[in-house]
$ cat input_33.txt   # compact mmCIF, C-alpha atoms (C1' of nucleotides)
# COMPACT_ATOMS: atom_id res chain seq x y z
CA MET A 238 -4.08 -37.45 -69.56
CA THR A 239 -5.27 -34.85 -67.18
CA THR A 240 -4.13 -31.45 -68.25
CA PRO A 241 -5.08 -28.01 -67.06
CA ASP A 242 -7.36 -27.66 -70.07
CA SER A 243 -9.25 -30.81 -69.25
CA ALA A 244 -10.10 -29.80 -65.70
CA ALA A 245 -13.84 -30.00 -65.74
CA PRO A 246 -16.05 -28.14 -63.30
CA ASP A 247 -16.44 -30.19 -60.15
CA SER A 248 -18.79 -29.51 -57.31
CA ARG A 249 -16.05 -30.44 -54.89
CA ALA A 250 -13.34 -28.47 -56.58
CA PRO A 251 -11.89 -25.84 -54.26
CA ASP A 252 -13.15 -22.37 -54.97
CA LEU A 253 -9.84 -20.70 -55.44
CA GLY A 254 -10.96 -18.00 -57.75
CA ALA A 255 -10.49 -15.36 -55.11
CA GLN A 256 -6.93 -16.46 -54.43
CA GLY A 257 -5.40 -15.23 -57.63
CA PRO A 258 -1.95 -13.72 -57.40
CA SER A 259 -3.11 -10.21 -58.11
CA ALA A 260 -4.57 -7.94 -55.51
CA PRO A 261 -8.36 -7.96 -55.58
CA GLY A 262 -9.99 -4.68 -56.37
CA LEU A 263 -8.24 -1.68 -57.81
CA GLY A 264 -5.72 -1.65 -60.56
CA ALA A 265 -5.02 -5.21 -61.50
CA PRO A 266 -7.21 -6.30 -64.37
CA ARG A 267 -8.15 -9.89 -63.63
CA ALA A 268 -6.01 -11.33 -66.38
CA ASP A 269 -4.66 -13.78 -63.83
CA PHE A 270 -6.89 -16.67 -64.83
CA THR A 271 -5.80 -18.88 -61.94
CA TRP A 272 -6.42 -22.48 -62.68
CA SER A 273 -6.64 -25.04 -59.92
CA PRO A 274 -6.61 -28.82 -60.33
CA ASP A 275 -9.36 -31.19 -59.29
CA PRO A 276 -8.10 -32.62 -55.97
CA GLU A 277 -9.11 -36.19 -56.71
CA PRO A 278 -6.36 -37.14 -59.20
CA VAL A 279 -3.88 -35.47 -56.86
CA HIS A 280 -5.01 -37.75 -54.03
CA PHE A 281 -4.31 -40.91 -55.98
CA ARG A 282 -1.07 -39.72 -57.46
CA LEU A 283 0.32 -38.77 -54.06
CA ALA A 284 -0.93 -41.96 -52.40
CA GLN A 285 0.86 -44.02 -55.03
CA TRP A 286 4.00 -41.91 -54.78
CA TYR A 287 4.01 -42.15 -50.99
CA SER A 288 3.81 -45.94 -51.08
CA GLU A 289 7.01 -45.97 -53.10
CA ALA A 290 8.96 -42.99 -51.80
CA ALA A 291 8.12 -42.60 -48.12
CA ARG A 292 11.03 -42.55 -45.68
CA ASP A 293 11.15 -45.36 -43.16
CA LEU A 294 10.83 -43.33 -39.97
CA PRO A 295 10.45 -45.14 -36.63
CA TRP A 296 7.30 -43.27 -35.62
CA ARG A 297 5.64 -44.40 -38.85
CA ARG A 298 6.13 -48.08 -38.17
CA GLU A 299 2.99 -50.10 -37.67
CA ASP A 300 4.05 -51.12 -34.16
CA CYS A 301 4.81 -47.59 -32.97
CA SER A 302 2.66 -46.60 -29.99
CA ALA A 303 0.43 -43.53 -29.93
CA TRP A 304 2.80 -42.13 -27.31
CA GLY A 305 5.68 -42.62 -29.74
CA VAL A 306 3.77 -40.69 -32.37
CA MET A 307 2.98 -37.91 -29.92
CA VAL A 308 6.60 -37.63 -28.77
CA SER A 309 7.72 -37.40 -32.38
CA GLU A 310 5.20 -34.68 -33.19
CA ILE A 311 6.26 -32.50 -30.27
CA MET A 312 9.94 -32.97 -31.09
CA LEU A 313 9.31 -32.19 -34.76
CA GLN A 314 7.78 -28.80 -33.99
CA GLN A 315 10.21 -26.45 -35.73
CA THR A 316 12.93 -29.10 -35.73
CA PRO A 317 14.12 -31.14 -38.76
CA VAL A 318 13.67 -34.93 -38.86
CA VAL A 319 17.37 -35.75 -38.94
CA ARG A 320 17.97 -33.97 -35.66
CA VAL A 321 14.94 -35.53 -33.98
CA LEU A 322 15.74 -39.16 -34.82
CA PRO A 323 18.46 -39.83 -32.18
CA ARG A 324 16.62 -37.88 -29.46
CA TRP A 325 13.36 -39.75 -30.17
CA GLU A 326 15.14 -43.12 -29.94
CA GLU A 327 16.69 -42.21 -26.61
CA TRP A 328 13.44 -40.78 -25.21
CA MET A 329 11.40 -43.84 -26.17
CA ARG A 330 14.06 -46.18 -24.80
CA ARG A 331 13.98 -44.46 -21.42
CA TRP A 332 10.34 -43.38 -21.24
CA PRO A 333 8.23 -45.64 -23.45
CA THR A 334 4.90 -44.65 -21.84
CA PRO A 335 3.25 -41.48 -20.52
CA ALA A 336 3.34 -42.93 -17.00
CA VAL A 337 7.12 -43.35 -16.84
CA THR A 338 7.59 -39.97 -18.52
CA ALA A 339 5.39 -38.35 -15.91
CA ALA A 340 7.53 -39.81 -13.12
CA ALA A 341 10.92 -38.68 -14.45
CA SER A 342 12.74 -35.68 -13.01
CA ALA A 343 12.61 -32.46 -15.01
CA ALA A 344 16.41 -32.43 -15.06
CA GLU A 345 16.46 -35.80 -16.81
CA ILE A 346 13.82 -34.65 -19.26
CA LEU A 347 15.80 -31.56 -20.22
CA THR A 348 19.07 -33.50 -20.45
CA VAL A 349 17.70 -36.11 -22.82
CA TRP A 350 16.06 -33.34 -24.84
CA ASP A 351 19.61 -32.04 -25.23
CA ARG A 352 19.95 -29.42 -27.98
CA LEU A 353 16.74 -30.05 -29.83
CA GLY A 354 15.80 -26.45 -29.19
CA TYR A 355 12.82 -24.77 -27.52
CA PRO A 356 13.28 -26.72 -24.25
CA ARG A 357 9.90 -25.53 -23.02
CA ARG A 358 8.54 -28.17 -25.41
CA ALA A 359 10.28 -30.84 -23.33
CA LEU A 360 8.71 -29.58 -20.12
CA ARG A 361 5.29 -29.33 -21.76
CA LEU A 362 5.65 -32.88 -23.09
CA GLN A 363 6.20 -34.11 -19.57
CA THR A 364 3.30 -32.03 -18.27
CA ALA A 365 1.18 -33.52 -21.05
CA ALA A 366 2.26 -36.99 -19.94
CA GLN A 367 1.12 -36.17 -16.42
CA ALA A 368 -2.21 -34.93 -17.73
CA ILE A 369 -2.60 -38.13 -19.75
CA VAL A 370 -2.04 -40.17 -16.60
CA GLU A 371 -4.49 -38.10 -14.58
CA ARG A 372 -7.20 -37.53 -17.14
CA HIS A 373 -6.92 -40.53 -19.46
CA GLY A 374 -5.64 -43.39 -17.30
CA GLY A 375 -2.21 -43.25 -18.91
CA GLU A 376 -3.46 -43.79 -22.46
CA VAL A 377 -2.95 -41.14 -25.11
CA PRO A 378 -6.44 -39.87 -26.01
CA GLY A 379 -7.60 -40.51 -29.55
CA THR A 380 -9.68 -37.50 -30.42
CA ARG A 381 -8.57 -34.13 -31.71
CA GLN A 382 -10.44 -32.30 -28.99
CA GLU A 383 -8.95 -34.26 -26.08
CA LEU A 384 -5.48 -33.93 -27.57
CA LEU A 385 -5.93 -30.19 -28.04
CA ALA A 386 -6.50 -29.81 -24.31
CA LEU A 387 -3.01 -31.14 -23.53
CA PRO A 388 -0.12 -28.72 -22.88
CA GLY A 389 2.06 -28.11 -25.93
CA VAL A 390 -0.53 -29.60 -28.26
CA GLY A 391 -1.94 -27.10 -30.72
CA GLU A 392 -4.04 -27.29 -33.85
CA TYR A 393 -1.44 -29.12 -35.91
CA THR A 394 -0.26 -31.64 -33.31
CA ALA A 395 -3.77 -32.56 -32.21
CA ALA A 396 -4.82 -33.35 -35.77
CA ALA A 397 -1.54 -35.14 -36.53
CA VAL A 398 -1.71 -37.49 -33.52
CA ALA A 399 -5.41 -38.19 -34.09
CA CYS A 400 -4.69 -38.99 -37.74
CA PHE A 401 -1.35 -40.81 -37.61
CA ALA A 402 -1.88 -42.73 -34.37
CA PHE A 403 -5.65 -43.23 -34.41
CA ASP A 404 -6.56 -43.16 -38.10
CA GLN A 405 -8.91 -40.22 -37.65
CA PRO A 406 -9.54 -38.31 -40.90
CA GLU A 407 -8.55 -34.95 -39.42
CA VAL A 408 -7.35 -32.05 -41.52
CA VAL A 409 -3.62 -31.94 -40.83
CA VAL A 410 -1.82 -28.78 -41.89
CA ASP A 411 1.84 -28.12 -41.24
CA THR A 412 4.36 -25.91 -42.98
CA ASN A 413 5.01 -28.54 -45.67
CA ILE A 414 1.34 -29.05 -46.42
CA ARG A 415 0.69 -25.32 -46.54
CA ARG A 416 3.39 -24.99 -49.16
CA VAL A 417 2.10 -27.94 -51.21
CA HIS A 418 -1.42 -26.49 -51.14
CA ALA A 419 -0.14 -23.04 -52.10
CA ARG A 420 1.65 -24.43 -55.12
CA VAL A 421 -0.55 -27.26 -56.35
CA PHE A 422 -3.95 -25.64 -55.77
CA SER A 423 -3.34 -21.89 -55.47
CA GLY A 424 -0.53 -21.42 -57.95
CA HIS A 425 1.68 -19.50 -55.51
CA ALA A 426 5.37 -20.03 -54.84
CA LEU A 427 4.92 -19.81 -51.08
CA PRO A 428 1.95 -19.81 -48.69
CA GLY A 429 2.67 -16.59 -46.82
CA LYS A 430 3.59 -16.02 -43.20
CA THR A 431 0.32 -16.56 -41.42
CA TYR A 432 -2.17 -19.40 -41.61
CA THR A 433 -5.35 -17.68 -42.76
CA ALA A 434 -8.96 -18.75 -42.55
CA GLN A 435 -8.95 -19.01 -46.32
CA GLN A 436 -6.03 -21.45 -46.24
CA ARG A 437 -7.81 -23.47 -43.57
CA LYS A 438 -10.87 -23.68 -45.79
CA LEU A 439 -8.75 -24.77 -48.73
CA ALA A 440 -7.14 -27.53 -46.66
CA HIS A 441 -10.60 -28.76 -45.71
CA ASP A 442 -11.93 -28.53 -49.25
CA VAL A 443 -9.13 -30.58 -50.79
CA MET A 444 -9.38 -33.44 -48.29
CA PRO A 445 -10.48 -36.79 -49.77
CA GLN A 446 -14.07 -37.70 -49.01
CA THR A 447 -14.27 -40.17 -46.15
CA ALA A 448 -17.66 -41.64 -46.96
CA HIS A 449 -16.46 -44.70 -48.82
CA ASP A 450 -13.06 -45.66 -47.44
CA ASP A 451 -13.52 -44.92 -43.73
CA GLY A 452 -10.91 -42.19 -43.77
CA GLU A 453 -7.97 -44.30 -44.86
CA LEU A 454 -7.29 -42.20 -47.94
CA ALA A 455 -7.62 -39.05 -45.86
CA CYS A 456 -4.84 -40.17 -43.52
CA THR A 457 -2.66 -41.19 -46.43
CA TRP A 458 -3.33 -37.84 -48.06
CA ASN A 459 -2.14 -35.96 -44.98
CA ILE A 460 1.10 -37.87 -44.59
CA ALA A 461 1.76 -38.00 -48.32
CA ALA A 462 1.31 -34.24 -48.79
CA MET A 463 3.63 -33.67 -45.84
CA GLU A 464 6.22 -36.03 -47.28
CA LEU A 465 5.98 -34.40 -50.69
CA GLY A 466 6.70 -31.03 -49.09
CA ALA A 467 9.65 -32.48 -47.20
CA LEU A 468 11.26 -34.37 -50.09
CA ILE A 469 10.12 -32.84 -53.40
CA CYS A 470 8.08 -29.68 -52.97
CA THR A 471 10.71 -28.04 -50.79
CA ALA A 472 10.79 -24.35 -49.89
CA ARG A 473 13.87 -23.65 -51.93
CA ALA A 474 14.82 -25.41 -55.17
CA PRO A 475 11.82 -27.74 -55.37
CA LYS A 476 12.46 -30.89 -57.42
CA CYS A 477 9.57 -30.41 -59.81
CA VAL A 478 10.96 -32.83 -62.40
CA GLU A 479 10.59 -35.62 -59.82
CA CYS A 480 7.15 -34.53 -58.66
CA PRO A 481 4.28 -36.99 -59.13
CA VAL A 482 1.81 -34.14 -59.68
CA GLN A 483 3.94 -31.81 -61.78
CA ASP A 484 1.39 -31.91 -64.60
CA LEU A 485 -1.44 -31.11 -62.18
CA CYS A 486 0.28 -28.28 -60.32
CA ALA A 487 -1.27 -24.82 -60.58
CA TRP A 488 2.04 -23.13 -59.79
CA ARG A 489 3.77 -25.06 -62.57
CA ALA A 490 0.91 -24.29 -64.95
CA ALA A 491 1.32 -20.60 -64.17
CA GLY A 492 4.99 -20.75 -65.11
CA SER A 493 6.36 -21.10 -61.55
CA PRO A 494 6.16 -17.39 -60.71
CA PRO A 495 8.53 -16.33 -57.91
CA ALA A 496 7.38 -15.52 -54.41
CA THR A 497 6.01 -12.05 -53.83
CA GLU A 498 7.38 -9.74 -51.18
CA GLU A 499 4.35 -10.54 -49.06
CA GLN A 500 5.16 -14.22 -49.01
CA GLN A 501 8.76 -13.85 -47.88
CA THR A 502 9.31 -15.23 -44.42
CA ARG A 503 10.64 -12.81 -41.91
CA GLY A 504 13.79 -14.73 -40.85
CA GLN A 505 14.40 -14.78 -37.16
CA ALA A 506 17.48 -13.05 -35.86
CA TRP A 507 19.69 -15.13 -33.63
CA ALA A 508 22.95 -13.46 -32.67
CA GLY A 509 22.49 -11.22 -29.68
CA THR A 510 18.97 -12.33 -28.84
CA ASP A 511 17.65 -13.48 -25.50
CA ARG A 512 17.14 -16.88 -27.08
CA GLN A 513 20.84 -17.21 -27.73
CA VAL A 514 21.66 -16.17 -24.16
CA ARG A 515 19.05 -18.54 -22.71
CA GLY A 516 20.38 -21.33 -24.88
CA ALA A 517 23.93 -20.74 -23.67
CA MET A 518 22.76 -20.84 -20.05
CA MET A 519 20.81 -24.06 -20.63
CA ALA A 520 23.93 -25.62 -22.17
CA VAL A 521 25.81 -24.86 -18.94
CA LEU A 522 23.03 -26.25 -16.77
CA ARG A 523 22.79 -29.44 -18.83
CA THR A 524 26.30 -30.37 -17.68
CA GLY A 525 24.48 -31.44 -14.54
CA GLU A 526 26.40 -29.57 -11.87
CA PRO A 527 24.75 -26.75 -9.91
CA VAL A 528 26.57 -23.48 -10.49
CA GLN A 529 26.84 -20.28 -8.52
CA ARG A 530 24.40 -17.71 -9.83
CA SER A 531 27.21 -15.19 -10.13
CA VAL A 532 29.40 -17.67 -12.01
CA LEU A 533 26.63 -18.51 -14.45
CA LEU A 534 26.04 -14.82 -15.10
CA GLU A 535 29.68 -13.86 -15.49
CA THR A 536 31.28 -16.75 -17.33
CA LEU A 537 28.72 -16.99 -20.10
CA PRO A 538 30.68 -17.36 -23.37
CA LEU A 539 28.83 -14.48 -24.99
CA PRO A 540 30.87 -11.28 -24.60
CA ALA A 541 28.26 -9.23 -26.41
CA ALA A 542 25.59 -9.91 -23.81
CA ASP A 543 25.50 -7.24 -21.13
CA MET A 544 24.63 -7.99 -17.52
CA GLU A 545 21.13 -6.59 -17.82
CA GLN A 546 20.35 -9.10 -20.56
CA ARG A 547 21.98 -11.97 -18.65
CA VAL A 548 19.93 -11.29 -15.55
CA ARG A 549 16.77 -10.94 -17.58
CA CYS A 550 17.38 -14.27 -19.30
CA LEU A 551 18.23 -16.17 -16.12
CA ASP A 552 15.09 -14.82 -14.49
CA SER A 553 13.04 -15.92 -17.47
CA LEU A 554 14.50 -19.43 -17.32
CA LEU A 555 13.61 -19.63 -13.63
CA ARG A 556 10.13 -18.34 -14.36
CA ASP A 557 9.67 -20.88 -17.16
CA GLY A 558 10.69 -23.75 -14.89
CA LEU A 559 13.70 -24.53 -17.06
CA ALA A 560 16.04 -23.74 -14.18
CA ALA A 561 15.77 -23.79 -10.40
CA GLU A 562 17.53 -21.75 -7.74
CA ASP A 563 18.46 -22.54 -4.15
CA LYS A 564 20.26 -19.86 -2.23
CA GLU A 565 22.94 -18.72 -4.69
CA LEU A 566 23.02 -22.02 -6.63
CA VAL A 567 21.36 -22.54 -9.99
CA ALA A 568 20.70 -25.92 -11.65
CA LEU A 569 18.22 -27.82 -13.76
CA PRO A 570 14.92 -28.27 -11.91
CA GLY A 571 15.03 -31.47 -9.90
CA VAL A 572 18.77 -31.27 -9.28
CA ILE A 573 18.16 -28.80 -6.49
C1' DA B 251 -1.66 -10.22 -36.07
C1' DA B 252 2.83 -10.26 -34.16
C1' DA B 253 6.45 -11.54 -31.04
C1' DA B 254 8.89 -14.90 -28.29
C1' DC B 255 10.92 -19.14 -28.19
C1' DG B 256 16.80 -22.95 -29.87
C1' DG B 257 19.84 -24.71 -32.59
C1' DG B 258 22.24 -26.55 -36.41
C1' DG B 259 22.47 -27.96 -41.27
C1' DT B 260 22.10 -25.96 -45.94
C1' DT B 261 22.61 -22.41 -49.46
C1' DA C 200 24.87 -14.34 -43.42
C1' DA C 201 20.39 -15.79 -44.54
C1' DC C 202 17.19 -19.32 -44.77
C1' DC C 203 14.72 -23.24 -43.14
C1' DC C 204 12.59 -26.66 -40.08
C1' DA C 205 5.93 -32.15 -38.75
C1' DG C 206 4.35 -25.09 -34.09
C1' DT C 207 2.59 -23.36 -29.57
C1' DT C 208 1.86 -19.85 -26.39
C1' DT C 209 1.56 -15.26 -25.02
C1' DT C 210 0.90 -10.41 -25.89

$ encode --input "input_33.txt" --output "structure tokens"
Amino acid sequence: MTTPDSAAPDSRAPDLGAQGPSAPGLGAPRADFTWSPDPEPVHFRLAQWYSEAARDLPWRREDCSAWGVMVSEIMLQQTPVVRVLPRWEEWMRRWPTPAVTAAASAAEILTVWDRLGYPRRALRLQTAAQAIVERHGGEVPGTRQELLALPGVGEYTAAAVACFAFDQPEVVVDTNIRRVHARVFSGHALPGKTYTAQQRKLAHDVMPQTAHDDGELACTWNIAAMELGALICTARAPKCVECPVQDLCAWRAAGSPPATEEQQTRGQAWAGTDRQVRGAMMAVLRTGEPVQRSVLLETLPLPAADMEQRVRCLDSLLRDGLAAEDKELVALPGVI
DNA sequence: AAAACGGGGTT
DNA sequence: AACCCAGTTTT
């Protein structure tokens, strides 16, 4: 049916001509005739695929509250679904509304967060709950702009909550969607490190029109593209033979060229970093018992960390509100 | 634009 | 050992 050769000019087709794989300007003769598919068939293919292949996640259920969606989005920032699932269940069981979340102690919040990582997210989620109580009467706001004003809610999360909890046709772009766009529409193996204005324009341009279906297809498009990136169009070893748009994909049509040096992600170091030291200290504090400052600094199970680094990290935890200090005792905030 | 910020499963 | 993950905030 639809093949690269049959792609007719379309007024709504994304103008991707400038995004060819070769550097614009000097040297490279523009032999890279990048082809990009009409978005419309991609919309329907992915919507159909999603209806059959979507995972049954609790925050996608029809009866999930907007707060449940928001909690899931914060937890899912830089954290895989499988690790979020048990923490989300426990959080929602204990704190099913913004109001009860706002009233919890910070120590409880950080303990239930457990080892999800980036514990400042947990604190910001509680601060956001407090803001929701104060500014929105305890109800999660339903517009991108109001959501964006909440702590810990950035461009992605604001659009995601507005779309998934309130059916707003916002342009949702996460790491999965960026990769799907890069491959299907731009013909690249990977989207590159930073989210550029050009990528933002592409995401907008390939959104389904909302005029006729009240944005329903737009919301499905967002979640379906995300799910495709999570299950099929993965970063490494994508399952192209199972892909519902394999015959529409610009990357496939270009012969699946490998990622360029520019597109390689800069892998974060871990061993020896302040993040590792902070994480080890938080693990001690999560046991619940206040500890002597000197004991916390000296018994840390990280021989490679010198005292200067340990002191720096403890001070940063105190400054971030992830730990509290009383006299010589250190504990989770709210314990002391 | 780049760095800081956790932690564990996968390759 | 490197890579990856439903990003946000600060510099």

$ closest_atom_pairs --input "input_33.txt" --of "range 333-366 of chain A" --to "range 202-207 of chain C" --cutoff "12 Å" --atoms "all atoms listed in the file" --output "tab-separated table"
residue	atom	partner	partner_atom	distance
A:Leu353	CA	C:DC204	C1'	11.6
A:Gly354	CA	C:DC204	C1'	11.4
A:Tyr355	CA	C:DT207	C1'	10.5
A:Arg357	CA	C:DT207	C1'	10.1
A:Arg358	CA	C:DT207	C1'	8.7
A:Arg361	CA	C:DT207	C1'	10.2
A:Leu362	CA	C:DT207	C1'	11.9

$ interface_residues --input "input_33.txt" --of "chain B" --to "chain A" --cutoff "7 Å" --atoms "all atoms listed in the file" --output "short mmCIF file (atom, residue, chain, number, x, y, z; two decimals) with C-alpha atoms (C1' of nucleotides), keeping the file's coordinate frame"
data_model
loop_
_atom_site.label_atom_id
_atom_site.label_comp_id
_atom_site.auth_asym_id
_atom_site.auth_seq_id
_atom_site.Cartn_x
_atom_site.Cartn_y
_atom_site.Cartn_z
"C1'" DC B 255 10.92 -19.14 -28.19
"C1'" DG B 256 16.80 -22.95 -29.87
"C1'" DG B 257 19.84 -24.71 -32.59
#

$ residues_around --input "input_33.txt" --residues "DT210 in chain C" --least-positions-apart "3" --cutoff "10 Å" --atoms "only C-alpha atoms (C1' of nucleotides)" --output "PyMOL selection string"
chain B and resi 252-254

$ axis_aligned_box --input "input_33.txt" --around "chain B" --padding-each-side "4 Å" --output "lines of an AutoDock Vina configuration file"
center_x = 10.5
center_y = -19.1
center_z = -38.8
size_x = 32.3
size_y = 25.7
size_z = 29.3

$ residues_around --input "input_33.txt" --residues "Ala303 in chain A" --least-positions-apart "2" --cutoff "6 Å" --atoms "all atoms listed in the file" --output "MDAnalysis selection string"
chainID A and resid 305:306 402

$ closest_residue --input "input_33.txt" --among "A:Met544, A:Ala339, A:Val390, A:Leu283" --to "chain C" --atoms "only C-alpha atoms (C1' of nucleotides)"
A:Val390

$ closest_residue --input "input_33.txt" --among "A:Ile469, A:Ala462, A:Ala506, A:Leu313" --to "DA200 in chain C" --atoms "all atoms listed in the file"
A:Ala506

$ decode --input "input_33.txt" --residues "chain C" --atoms "N, CA and C atoms (P, O5', C5', C4', C3', O3' and C1' of nucleotides)" --output "mmCIF file, in the first residue's frame"
data_model
loop_
_atom_site.group_PDB
_atom_site.id
_atom_site.type_symbol
_atom_site.label_atom_id
_atom_site.label_comp_id
_atom_site.auth_asym_id
_atom_site.auth_seq_id
_atom_site.Cartn_x
_atom_site.Cartn_y
_atom_site.Cartn_z
ATOM 1 P P DA C 200 34.441 -3.372 35.876
ATOM 2 O "O5'" DA C 200 34.148 -2.406 34.639
ATOM 3 C "C5'" DA C 200 34.991 -2.331 33.508
ATOM 4 C "C4'" DA C 200 34.164 -1.793 32.353
ATOM 5 C "C3'" DA C 200 33.623 -0.395 32.606
ATOM 6 O "O3'" DA C 200 33.660 0.324 31.389
ATOM 7 C "C1'" DA C 200 31.813 -1.881 32.249
ATOM 8 P P DA C 201 33.261 1.853 31.368
ATOM 9 O "O5'" DA C 201 32.033 1.830 30.347
ATOM 10 C "C5'" DA C 201 32.131 1.029 29.174
ATOM 11 C "C4'" DA C 201 30.776 0.947 28.507
ATOM 12 C "C3'" DA C 201 30.016 2.278 28.465
ATOM 13 O "O3'" DA C 201 29.482 2.438 27.169
ATOM 14 C "C1'" DA C 201 28.687 0.602 29.512
ATOM 15 P P DC C 202 28.694 3.744 26.812
ATOM 16 O "O5'" DC C 202 27.198 3.224 26.857
ATOM 17 C "C5'" DC C 202 26.886 1.963 26.268
ATOM 18 C "C4'" DC C 202 25.425 1.663 26.497
ATOM 19 C "C3'" DC C 202 24.515 2.888 26.454
ATOM 20 O "O3'" DC C 202 23.405 2.591 25.634
ATOM 21 C "C1'" DC C 202 24.156 1.675 28.450
ATOM 22 P P DC C 203 22.490 3.789 25.078
ATOM 23 O "O5'" DC C 203 21.196 3.670 26.003
ATOM 24 C "C5'" DC C 203 20.464 2.437 25.998
ATOM 25 C "C4'" DC C 203 19.504 2.453 27.158
ATOM 26 C "C3'" DC C 203 18.744 3.763 27.316
ATOM 27 O "O3'" DC C 203 17.391 3.569 26.936
ATOM 28 C "C1'" DC C 203 19.502 2.875 29.413
ATOM 29 P P DC C 204 16.463 4.902 26.791
ATOM 30 O "O5'" DC C 204 15.592 4.769 28.129
ATOM 31 C "C5'" DC C 204 14.966 3.523 28.436
ATOM 32 C "C4'" DC C 204 14.448 3.617 29.849
ATOM 33 C "C3'" DC C 204 13.610 4.867 30.111
ATOM 34 O "O3'" DC C 204 12.372 4.519 30.675
ATOM 35 C "C1'" DC C 204 15.364 4.668 31.711
ATOM 36 P P DA C 205 11.209 4.315 29.565
ATOM 37 O "O5'" DA C 205 10.635 5.768 29.894
ATOM 38 C "C5'" DA C 205 9.469 6.226 29.377
ATOM 39 C "C4'" DA C 205 9.378 7.729 29.582
ATOM 40 C "C3'" DA C 205 9.887 8.269 30.923
ATOM 41 O "O3'" DA C 205 10.210 9.644 30.757
ATOM 42 C "C1'" DA C 205 7.547 8.460 30.811
ATOM 43 P P DG C 206 11.740 10.078 30.675
ATOM 44 O "O5'" DG C 206 11.664 11.314 31.676
ATOM 45 C "C5'" DG C 206 11.301 12.606 31.160
ATOM 46 C "C4'" DG C 206 11.173 13.510 32.365
ATOM 47 C "C3'" DG C 206 11.010 14.978 31.996
ATOM 48 O "O3'" DG C 206 10.147 15.566 32.966
ATOM 49 C "C1'" DG C 206 13.087 14.623 33.126
ATOM 50 P P DT C 207 9.922 17.197 32.927
ATOM 51 O "O5'" DT C 207 10.891 17.709 34.073
ATOM 52 C "C5'" DT C 207 10.716 17.194 35.386
ATOM 53 C "C4'" DT C 207 11.546 17.983 36.384
ATOM 54 C "C3'" DT C 207 11.450 19.507 36.207
ATOM 55 O "O3'" DT C 207 11.283 20.078 37.491
ATOM 56 C "C1'" DT C 207 13.719 18.803 36.066
ATOM 57 P P DT C 208 11.192 21.665 37.670
ATOM 58 O "O5'" DT C 208 12.680 22.005 38.108
ATOM 59 C "C5'" DT C 208 13.250 21.302 39.207
ATOM 60 C "C4'" DT C 208 14.682 21.746 39.434
ATOM 61 C "C3'" DT C 208 14.873 23.272 39.442
ATOM 62 O "O3'" DT C 208 15.545 23.599 40.648
ATOM 63 C "C1'" DT C 208 16.450 22.219 38.004
ATOM 64 P P DT C 209 15.890 25.124 40.993
ATOM 65 O "O5'" DT C 209 17.442 25.196 40.598
ATOM 66 C "C5'" DT C 209 18.321 24.209 41.114
ATOM 67 C "C4'" DT C 209 19.701 24.393 40.516
ATOM 68 C "C3'" DT C 209 20.210 25.843 40.525
ATOM 69 O "O3'" DT C 209 21.519 25.846 41.089
ATOM 70 C "C1'" DT C 209 20.435 24.881 38.366
ATOM 71 P P DT C 210 22.284 27.218 41.277
ATOM 72 O "O5'" DT C 210 23.350 27.181 40.102
ATOM 73 C "C5'" DT C 210 24.109 26.006 39.911
ATOM 74 C "C4'" DT C 210 25.040 26.150 38.721
ATOM 75 C "C3'" DT C 210 25.661 27.535 38.542
ATOM 76 O "O3'" DT C 210 27.038 27.382 38.252
ATOM 77 C "C1'" DT C 210 24.606 26.878 36.549
#
